[in-house]
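Report on the following structure.
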Amino acid sequence: TYGDWSSDVCSSDLSDNNERINFITVSPSDKYVAMCERGERALVTIYNITSRDKRNRVKQIPDGHNVDRDFPELHGVQEFLAAAFSPKDEHRLFTLVGDPAWSLLLWHWTEGQASKILSRVDLTNRELLKSVFDGSTSLSSSFMMSLYLQGVDLFVTVTGPDLFQFFKILPENNAFDPKHTKLNHIAGKKVQHSTQYACHIWTKDAQLVVATEQG
């Protein structure tokens, strides 16, 4: 990585048996970077990029010696399609899980302690996604996840091929509360459009802009 004050803030190598880094995100404080790696098993590596110490890797998610036992939600999963630090607490990390799980996970991580899953939700069209994608290729460019903080309320949006989901995170138990699964109403009128969602972005005034493959 590179910064204004240094041409080499940190460097990293792929973990054993992993193929490539397919997604990178930065924490709200600009202190941490999370890198999603695709390979034998899905992995997120978190680095402290404010440290000049070359040993600045502070956490790998999932951690532990027996991932299949400790995190059965990730059995057979080869990649996280996206990740995002919570704007309310950067020691909470959201991950979009690819084939065959097709789910969202909210993790709590701390340096020197085991990470744990706080909540999980399956994507609504999970079976359709499983039938279309076989896990043989990287899917990270096809899907997008974003977080939006409105007052004290935190929302998660996920888009992809035939996929739109909008959740509110419930503060009392960190659960994903589904709000919308379709984008077919504009100004109160039902409209027809492509559901091949390519990307999306939140504006400062809480408007969600979604692009499809047709523009």
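Residue numbering restarts at 1 in every chain; chains get A, B, ... in the order shown in the structure tokens, and ligands count up from 1 in that same order.
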> In segment 31-213 of chain A, what's alpha helix (DSSP H) per DSSP? Answer as a ChimeraX atom specification?
Replying inline: /A:67-70,126-132
> Leaving out Ala206 of chain A and any residue of its chain fewer than 2 positions from it, which residues lie within 9 Å of it when counting only C-alpha atoms, given as a list of chain:residue names?
Replying inline: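 Here the qualifying residues turn out to be A:Tyr148, A:Gln150, A:Trp202, A:Thr203, A:Lys204, A:Leu208.
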Can you write out the residues you just picked, keeping all heavy atoms, as a compact mmCIF listing (two decimals), in the first residue's frame?
```txt
# COMPACT_ATOMS: atom_id res chain seq x y z
N TYR A 148 -24.42 1.85 5.17
CA TYR A 148 -24.85 3.24 5.24
C TYR A 148 -25.34 3.53 6.65
O TYR A 148 -26.20 2.83 7.18
CB TYR A 148 -25.96 3.54 4.24
CG TYR A 148 -26.36 5.00 4.21
CD1 TYR A 148 -25.57 5.93 3.56
CD2 TYR A 148 -27.50 5.44 4.87
CE1 TYR A 148 -25.91 7.28 3.56
CE2 TYR A 148 -27.85 6.78 4.87
CZ TYR A 148 -27.05 7.70 4.22
OH TYR A 148 -27.38 9.03 4.22
N GLN A 150 -27.26 6.04 9.02
CA GLN A 150 -28.20 7.14 9.05
C GLN A 150 -28.59 7.39 10.50
O GLN A 150 -29.35 6.64 11.10
CB GLN A 150 -29.44 6.83 8.20
CG GLN A 150 -30.39 8.00 8.05
CD GLN A 150 -31.53 7.67 7.10
OE1 GLN A 150 -31.91 6.53 6.96
NE2 GLN A 150 -32.04 8.68 6.41
N TRP A 202 -24.51 4.98 -2.23
CA TRP A 202 -25.37 5.84 -1.43
C TRP A 202 -24.93 7.29 -1.58
O TRP A 202 -23.74 7.60 -1.55
CB TRP A 202 -25.30 5.45 0.04
CG TRP A 202 -26.08 4.22 0.38
CD1 TRP A 202 -25.61 2.94 0.45
CD2 TRP A 202 -27.47 4.15 0.69
NE1 TRP A 202 -26.62 2.08 0.78
CE2 TRP A 202 -27.77 2.79 0.94
CE3 TRP A 202 -28.48 5.11 0.79
CZ2 TRP A 202 -29.05 2.37 1.28
CZ3 TRP A 202 -29.76 4.68 1.12
CH2 TRP A 202 -30.04 3.33 1.36
N THR A 203 -25.89 8.21 -1.73
CA THR A 203 -25.58 9.64 -1.75
C THR A 203 -25.61 10.18 -0.32
O THR A 203 -26.09 9.52 0.61
CB THR A 203 -26.58 10.42 -2.61
OG1 THR A 203 -27.88 10.35 -1.99
CG2 THR A 203 -26.64 9.83 -4.01
N LYS A 204 -25.11 11.39 -0.14
CA LYS A 204 -25.07 11.99 1.20
C LYS A 204 -26.46 12.25 1.77
O LYS A 204 -26.62 12.34 3.00
CB LYS A 204 -24.26 13.29 1.15
CG LYS A 204 -22.78 13.08 0.88
CD LYS A 204 -22.03 14.41 0.89
CE LYS A 204 -20.55 14.18 0.65
NZ LYS A 204 -19.79 15.47 0.64
N LEU A 208 -30.29 5.99 -2.70
CA LEU A 208 -29.56 4.85 -3.23
C LEU A 208 -29.61 4.85 -4.75
O LEU A 208 -30.69 4.82 -5.34
CB LEU A 208 -30.13 3.53 -2.68
CG LEU A 208 -29.45 2.24 -3.17
CD1 LEU A 208 -28.02 2.18 -2.68
CD2 LEU A 208 -30.24 1.02 -2.71
```
> Skipping near chain neighbours, those fewer than 2 positions away, what residues fall within 9 Å of segment 163-177 of chain A using only C-alpha atoms, listed as an NGL selection string?
Replying inline: :A and (104 or 106 or 118-121 or 123-125 or 129 or 143 or 153-161 or 179-183 or 195-197)
> If you count only C-alpha atoms, which residues fall within 12 Å of Asp70 of chain A, apart from same-chain ones fewer than 5 positions away, as a list of chain:residue names?
Replying inline: A:Ile61, A:Pro62, A:Asp63, A:Gly64, A:His65, A:His75, A:Ala114, A:Ser115, A:Lys116, A:Ile117
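The interatomic distance for the pair atom CA of Leu81 of chain A and atom CA of Arg38 of chain A works out to 8.9 Å.
Shortest atom-to-atom contact with Asp30 of chain A among A:Pro178, A:Glu79, A:Gln60, A:Phe85: A:Phe85, counting only C-alpha atoms.
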>> Based on the backbone DSSP call, show me all residues of segment 2-114 of chain A assigned strand (DSSP E or B), as a ChimeraX atom specification.
In response: /A:18-26,32-39,43-48,57-61,80-85,92-97,103-108
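You will find atom CA of Glu127 of chain A at 26.7 Å from atom CA of Val209 of chain A.
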> Neighbours of Val97 of chain A within 10 Å (only C-alpha atoms; same-chain residues fewer than 3 positions away dropped), as a ChimeraX atom specification?
Replying inline: /A:42,73-74,77-83,94,100-105,122-123
> Out of A:Ser142, A:Thr95, A:Thr45, A:Gln192, which residue has the shortest atom-to-atom distance to Ile21 of chain A when counting only C-alpha atoms?
Replying inline: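 The answer is A:Thr45, which sits nearest to Ile21 of chain A.
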>> Between atom CA of Val58 of chain A and atom CA of Thr25 of chain A, what is the distance in Å, rounded to a tenth?
In response: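 Taking atom CA of Val58 of chain A and atom CA of Thr25 of chain A, their separation equals 15.1 Å.
Using only C-alpha atoms, the nearest neighbour of Gly98 of chain A within the list A:Ser146, A:Arg69, A:Asn48, A:Arg126 is A:Arg126.
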>> Excluding Asp89 of chain A and its own-chain neighbours fewer than 3 positions away, which residues fall within 12 Å of it when counting only C-alpha atoms? Please give them as JSON, numbers by chain.
In response: {"A": [27, 28, 29, 84, 85, 86, 92, 93, 94, 106, 107, 108, 109, 110, 149, 152, 154]}
Output N, CA, C and O atoms of each residue in that selection to a file, as a CSV table (one decimal), in the first residue's frame.
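Output file again.csv follows:
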```
chain,number,residue,atom,x,y,z
A,27,SER,N,-10.8,0.6,6.9
A,27,SER,CA,-11.6,1.0,8.1
A,27,SER,C,-11.9,2.5,8.1
A,27,SER,O,-11.1,3.2,7.6
A,28,PRO,N,-13.0,2.9,8.8
A,28,PRO,CA,-13.3,4.3,8.9
A,28,PRO,C,-12.2,5.2,9.4
A,28,PRO,O,-12.1,6.4,9.0
A,29,SER,N,-11.4,4.7,10.3
A,29,SER,CA,-10.3,5.5,10.9
A,29,SER,C,-9.0,5.5,10.1
A,29,SER,O,-8.1,6.1,10.4
A,84,ALA,N,-16.6,-5.2,4.7
A,84,ALA,CA,-16.7,-3.8,5.1
A,84,ALA,C,-16.7,-3.7,6.6
A,84,ALA,O,-17.3,-4.4,7.4
A,85,PHE,N,-15.9,-2.7,7.1
A,85,PHE,CA,-15.8,-2.4,8.5
A,85,PHE,C,-17.1,-1.6,8.9
A,85,PHE,O,-17.5,-0.7,8.2
A,86,SER,N,-17.6,-1.9,10.1
A,86,SER,CA,-18.8,-1.1,10.6
A,86,SER,C,-18.3,0.3,10.9
A,86,SER,O,-17.3,0.5,11.5
A,92,ARG,N,-15.9,-4.6,14.2
A,92,ARG,CA,-17.0,-5.4,13.6
A,92,ARG,C,-16.8,-5.4,12.1
A,92,ARG,O,-16.7,-4.3,11.5
A,93,LEU,N,-16.8,-6.5,11.5
A,93,LEU,CA,-16.6,-6.6,10.1
A,93,LEU,C,-17.7,-7.4,9.4
A,93,LEU,O,-18.0,-8.6,9.9
A,94,PHE,N,-18.3,-6.9,8.4
A,94,PHE,CA,-19.3,-7.6,7.6
A,94,PHE,C,-18.6,-8.3,6.4
A,94,PHE,O,-17.7,-7.7,5.8
A,106,LEU,N,-21.7,-11.1,10.1
A,106,LEU,CA,-21.2,-10.0,10.9
A,106,LEU,C,-20.2,-10.6,12.0
A,106,LEU,O,-20.6,-11.4,12.8
A,107,TRP,N,-19.0,-10.2,11.9
A,107,TRP,CA,-17.9,-10.7,12.8
A,107,TRP,C,-17.5,-9.7,13.8
A,107,TRP,O,-17.6,-8.5,13.6
A,108,HIS,N,-17.1,-10.2,15.0
A,108,HIS,CA,-16.4,-9.3,15.9
A,108,HIS,C,-15.0,-9.8,16.1
A,108,HIS,O,-14.7,-11.0,16.2
A,109,TRP,N,-14.0,-8.9,15.9
A,109,TRP,CA,-12.6,-9.4,15.9
A,109,TRP,C,-11.8,-8.4,16.8
A,109,TRP,O,-12.1,-7.2,16.9
A,110,THR,N,-10.9,-8.9,17.5
A,110,THR,CA,-10.0,-8.2,18.4
A,110,THR,C,-8.6,-8.8,18.3
A,110,THR,O,-8.4,-10.0,18.2
A,149,LEU,N,-24.8,4.5,7.3
A,149,LEU,CA,-25.1,4.9,8.6
A,149,LEU,C,-26.0,6.2,8.6
A,149,LEU,O,-25.6,7.2,8.1
A,152,VAL,N,-28.3,6.9,14.1
A,152,VAL,CA,-27.7,5.7,14.8
A,152,VAL,C,-28.0,4.4,14.1
A,152,VAL,O,-27.6,3.3,14.6
A,154,LEU,N,-27.8,1.5,11.2
A,154,LEU,CA,-26.9,1.0,10.3
A,154,LEU,C,-27.6,0.1,9.3
A,154,LEU,O,-28.4,-0.8,9.7
```
